[in-house]
Amino acid sequence: MTDIHFIRGELAAGMPDEVTLGHEVAGTVDRLGDAVTDWQIGDRALVHPVEESRTSTRVLGVHYDGGWAQYVVAPAQSLVALGPEISMKTAAIIPDAVSTPWAAITETAQVQPTQSVAVWGIGGLGFHAIKLLRIIGAAPIIAIDPVEAARDRAVAAGADFALDPRHEDFAAEIHRLTDGAGLDVALDFFGSPAIHQQAFDALGRKGRLVLVGVSDTTFSVASAPNLVRNAKKVLGHYGSERRHVEEIVKLARLGRLDLSESISAVYDLADVHQAVENFIAKVDNPIRILLKA
């Protein structure tokens, strides 16, 4: 979905006038730089897309050419090795769709076993968040989405409950499902002012609202006294670090995390326009679609 935002010009700040999109990339090493000694031609790898320094952040497919191409040039230090157990299709979605919610859950939200967590937006990131919360041991896990098919998918992935955010008894249901305590953690993977307020109001004492979905609107919640008196926190989250990617690879290699059902369709690179159109139109309610070079 991030690439769709770029195509629409919604998140273009800091991007060059022309850039090849594609920040989720997996493949084999085809050529090595003169100074590279830790990799061999033919090695299977994925690319961690985020390069951070003390003063800047550079993202593959955003600030320099990405993976919607036959070849991609990537820094050797951004490569993460894949074992033979992980298919290339599965590996391609790990750098963002899986590692971003993992980092949000474990690093920013610091979810602990048996804490109550609700996920707003069961798209690619939210769907994987449900699976990852199950691994962490969150309880209950509550999926929130206005689309019935998305709610059904979340329950199949491991959510304990699924709610429609438009339901008139929504607040009462959150109160009931958390035994009156409110949520420990609310994760917004969609990004909208309506979600921000609803999720903030659903938090219990010392609850954390983590914003992952990117929105171009001003953030505000009409509950400042509640923020202070109940020691609530609002936290922004962006991407993941290399170690989060490595952790997901390890979980997948050991069979702890099954991502096989996450690939909704695979298109040839030449059919990228059709792939984008189908994703925007939500043909067959996709989780992630891939381009194959």
# chains A, B, ... in the order shown; residues from 1 in each chain; ligands from 1
>>> residues_around(residues="Gln112 in chain A", least_positions_apart="6", cutoff="9 Å", atoms="only C-alpha atoms", output="VMD selection string")
chain A and resid 106 136 to 138
>>> residues_around(residues="Lys131 in chain A", least_positions_apart="5", cutoff="10 Å", atoms="only C-alpha atoms", output="list in words")
Val98, Pro101, Trp102, Gly126, Ile136, Ile141, Ala154, Val155, Ala156, Ala157, Gly158, Ala159, Leu257, Asp258 and Leu259 of chain A
>>> write_last_selection(atoms="N, CA, C and O atoms", output="CSV table (one decimal), in the first residue's frame")
chain,number,residue,atom,x,y,z
A,98,VAL,N,5.8,-7.6,7.1
A,98,VAL,CA,5.9,-8.5,8.3
A,98,VAL,C,6.8,-7.9,9.3
A,98,VAL,O,6.5,-7.8,10.5
A,101,PRO,N,5.2,-4.5,11.3
A,101,PRO,CA,4.3,-4.8,12.5
A,101,PRO,C,5.0,-5.5,13.6
A,101,PRO,O,4.8,-5.3,14.8
A,102,TRP,N,6.0,-6.4,13.3
A,102,TRP,CA,6.8,-7.0,14.3
A,102,TRP,C,7.6,-6.0,15.2
A,102,TRP,O,7.6,-6.1,16.4
A,126,GLY,N,-1.7,-5.2,9.1
A,126,GLY,CA,-2.6,-5.6,10.1
A,126,GLY,C,-2.8,-7.0,10.2
A,126,GLY,O,-2.9,-7.6,11.3
A,136,ILE,N,3.5,-13.6,20.2
A,136,ILE,CA,3.9,-13.0,21.5
A,136,ILE,C,3.1,-13.4,22.7
A,136,ILE,O,3.6,-13.4,23.8
A,141,ILE,N,-6.7,-10.7,21.5
A,141,ILE,CA,-6.4,-10.0,20.2
A,141,ILE,C,-7.7,-9.6,19.6
A,141,ILE,O,-8.5,-10.5,19.2
A,154,ALA,N,-9.0,-12.1,9.7
A,154,ALA,CA,-8.3,-11.9,10.9
A,154,ALA,C,-8.5,-13.0,11.9
A,154,ALA,O,-7.6,-13.4,12.6
A,155,VAL,N,-9.8,-13.4,12.0
A,155,VAL,CA,-10.1,-14.5,13.0
A,155,VAL,C,-9.4,-15.8,12.5
A,155,VAL,O,-8.8,-16.5,13.4
A,156,ALA,N,-9.4,-16.0,11.2
A,156,ALA,CA,-8.7,-17.2,10.7
A,156,ALA,C,-7.2,-17.1,11.0
A,156,ALA,O,-6.5,-18.2,11.2
A,157,ALA,N,-6.6,-15.9,11.1
A,157,ALA,CA,-5.2,-15.7,11.3
A,157,ALA,C,-4.8,-15.8,12.8
A,157,ALA,O,-3.7,-15.9,13.2
A,158,GLY,N,-5.9,-15.7,13.7
A,158,GLY,CA,-5.6,-15.9,15.1
A,158,GLY,C,-6.2,-14.9,16.0
A,158,GLY,O,-6.0,-14.9,17.2
A,159,ALA,N,-7.0,-13.9,15.5
A,159,ALA,CA,-7.7,-12.9,16.4
A,159,ALA,C,-8.7,-13.7,17.2
A,159,ALA,O,-9.4,-14.6,16.7
A,257,LEU,N,6.3,-19.3,11.9
A,257,LEU,CA,5.5,-18.2,11.3
A,257,LEU,C,5.2,-18.7,9.8
A,257,LEU,O,6.2,-18.7,9.0
A,258,ASP,N,4.0,-19.0,9.5
A,258,ASP,CA,3.6,-19.4,8.2
A,258,ASP,C,3.1,-18.2,7.4
A,258,ASP,O,2.1,-17.6,7.8
A,259,LEU,N,3.8,-17.8,6.3
A,259,LEU,CA,3.4,-16.7,5.5
A,259,LEU,C,2.9,-17.1,4.1
A,259,LEU,O,2.7,-16.2,3.3
>>> select_by_dssp(residues="range 40-105 of chain A", states="strand (DSSP E)", output="PyMOL selection string")
chain A and resi 44-47+50-52+57-59+79-81
>>> residues_around(residues="Ile280 in chain A", least_positions_apart="3", cutoff="9 Å", atoms="only C-alpha atoms", output="list in words")
Met1, Ile4, Ala275, Val276, Glu277 and Val283 of chain A
>>> residues_around(residues="Asp164 in chain A", least_positions_apart="4", cutoff="8 Å", atoms="only C-alpha atoms", output="list in words")
Ile144, Asp145, Pro146, Val147, Glu148 and Phe170 of chain A
>>> select_by_dssp(residues="range 4-56 of chain A", states="alpha helix (DSSP H)", output="list in words")
Ile4, His5, Phe6 and Ile7 of chain A
>>> write_last_selection(atoms="all heavy atoms", output="PDB file, in the first residue's frame")
ATOM      1  N   ILE A   4       1.439   2.493  -3.396  1.00  0.00           N
ATOM      2  CA  ILE A   4       0.246   3.140  -3.950  1.00  0.00           C
ATOM      3  C   ILE A   4       0.179   4.596  -3.515  1.00  0.00           C
ATOM      4  O   ILE A   4      -0.167   5.484  -4.308  1.00  0.00           O
ATOM      5  CB  ILE A   4      -1.034   2.392  -3.519  1.00  0.00           C
ATOM      6  CG1 ILE A   4      -0.955   0.907  -3.916  1.00  0.00           C
ATOM      7  CG2 ILE A   4      -2.268   3.051  -4.121  1.00  0.00           C
ATOM      8  CD1 ILE A   4      -0.761   0.677  -5.391  1.00  0.00           C
ATOM      9  N   HIS A   5       0.516   4.873  -2.250  1.00  0.00           N
ATOM     10  CA  HIS A   5       0.575   6.255  -1.782  1.00  0.00           C
ATOM     11  C   HIS A   5       1.559   7.065  -2.616  1.00  0.00           C
ATOM     12  O   HIS A   5       1.292   8.217  -2.987  1.00  0.00           O
ATOM     13  CB  HIS A   5       0.990   6.306  -0.315  1.00  0.00           C
ATOM     14  CG  HIS A   5      -0.070   5.857   0.645  1.00  0.00           C
ATOM     15  ND1 HIS A   5      -1.326   6.427   0.676  1.00  0.00           N
ATOM     16  CD2 HIS A   5      -0.057   4.911   1.621  1.00  0.00           C
ATOM     17  CE1 HIS A   5      -2.042   5.852   1.634  1.00  0.00           C
ATOM     18  NE2 HIS A   5      -1.297   4.927   2.202  1.00  0.00           N
ATOM     19  N   PHE A   6       2.722   6.474  -2.933  1.00  0.00           N
ATOM     20  CA  PHE A   6       3.720   7.177  -3.732  1.00  0.00           C
ATOM     21  C   PHE A   6       3.191   7.454  -5.138  1.00  0.00           C
ATOM     22  O   PHE A   6       3.379   8.545  -5.682  1.00  0.00           O
ATOM     23  CB  PHE A   6       5.006   6.352  -3.821  1.00  0.00           C
ATOM     24  CG  PHE A   6       5.722   6.184  -2.511  1.00  0.00           C
ATOM     25  CD1 PHE A   6       6.380   4.994  -2.216  1.00  0.00           C
ATOM     26  CD2 PHE A   6       5.734   7.204  -1.569  1.00  0.00           C
ATOM     27  CE1 PHE A   6       7.050   4.839  -1.011  1.00  0.00           C
ATOM     28  CE2 PHE A   6       6.394   7.047  -0.363  1.00  0.00           C
ATOM     29  CZ  PHE A   6       7.049   5.858  -0.079  1.00  0.00           C
ATOM     30  N   ILE A   7       2.531   6.463  -5.737  1.00  0.00           N
ATOM     31  CA  ILE A   7       1.988   6.631  -7.083  1.00  0.00           C
ATOM     32  C   ILE A   7       0.966   7.761  -7.111  1.00  0.00           C
ATOM     33  O   ILE A   7       0.911   8.552  -8.059  1.00  0.00           O
ATOM     34  CB  ILE A   7       1.356   5.309  -7.559  1.00  0.00           C
ATOM     35  CG1 ILE A   7       2.453   4.262  -7.808  1.00  0.00           C
ATOM     36  CG2 ILE A   7       0.538   5.523  -8.838  1.00  0.00           C
ATOM     37  CD1 ILE A   7       1.924   2.874  -8.064  1.00  0.00           C
TER      38      ILE A   7
END
>>> closest_atom_pairs(of="range 123-217 of chain A", to="range 287-292 of chain A", cutoff="10 Å", atoms="only C-alpha atoms", output="CSV")
residue,atom,partner,partner_atom,distance
A:Gly123,CA,A:Ile287,CA,6.0
A:Gly124,CA,A:Ile287,CA,4.8
A:Leu125,CA,A:Ile287,CA,8.5
A:Gly126,CA,A:Ile287,CA,9.6
A:Phe127,CA,A:Ile287,CA,7.6
A:His128,CA,A:Ile287,CA,9.3
A:Ala150,CA,A:Ile287,CA,9.5
A:Arg153,CA,A:Ile287,CA,9.8
>>> write_last_selection(atoms="C-alpha atoms", output="PDB file, in the first residue's frame")
ATOM      1  CA  GLY A 123      -4.635  -5.014   5.375  1.00  0.00           C
ATOM      2  CA  GLY A 124      -1.186  -6.416   4.716  1.00  0.00           C
ATOM      3  CA  LEU A 125       0.417  -5.070   7.889  1.00  0.00           C
ATOM      4  CA  GLY A 126      -2.590  -5.554  10.144  1.00  0.00           C
ATOM      5  CA  PHE A 127      -3.116  -9.137   8.974  1.00  0.00           C
ATOM      6  CA  HIS A 128       0.450 -10.034   9.869  1.00  0.00           C
ATOM      7  CA  ALA A 150     -11.128  -8.674   6.432  1.00  0.00           C
ATOM      8  CA  ARG A 153      -9.539 -13.273   7.622  1.00  0.00           C
TER       9      ARG A 153
END
>>> residues_around(residues="Ser99 in chain A", least_positions_apart="5", cutoff="8 Å", atoms="only C-alpha atoms", output="list in words")
Ile94, Gly239, Ser240, His244, Val245 and Ile248 of chain A
>>> residues_around(residues="Asp43 in chain A", least_positions_apart="6", cutoff="8 Å", atoms="only C-alpha atoms", output="ChimeraX atom specification")
/A:28-29,81
>>> atom_distance(atom1="CA of Ser116 in chain A", atom2="CA of Leu132 in chain A")
13.7 Å
>>> closest_residue(among="A:Gly27, A:Glu107, A:Tyr64, A:Gln198", to="Ile41 in chain A", atoms="only C-alpha atoms")
A:Gly27
>>> closest_residue(among="A:Ala162, A:Val73, A:Ala97, A:Leu79", to="Trp120 in chain A", atoms="only C-alpha atoms")
A:Ala162
>>> closest_residue(among="A:Thr20, A:Ser223, A:Ser260, A:Ser56", to="Trp68 in chain A", atoms="only C-alpha atoms")
A:Thr20
>>> residues_around(residues="Ala199 in chain A", least_positions_apart="6", cutoff="8 Å", atoms="only C-alpha atoms", output="PyMOL selection string")
chain A and resi 186-188+209
>>> atom_distance(atom1="CA of Ile130 in chain A", atom2="CA of Tyr267 in chain A")
26.4 Å
>>> atom_distance(atom1="CA of Phe190 in chain A", atom2="CA of Ser215 in chain A")
8.1 Å
>>> closest_residue(among="A:Pro286, A:Gly182, A:Gly67, A:Gly255", to="Gly83 in chain A", atoms="only C-alpha atoms")
A:Gly255
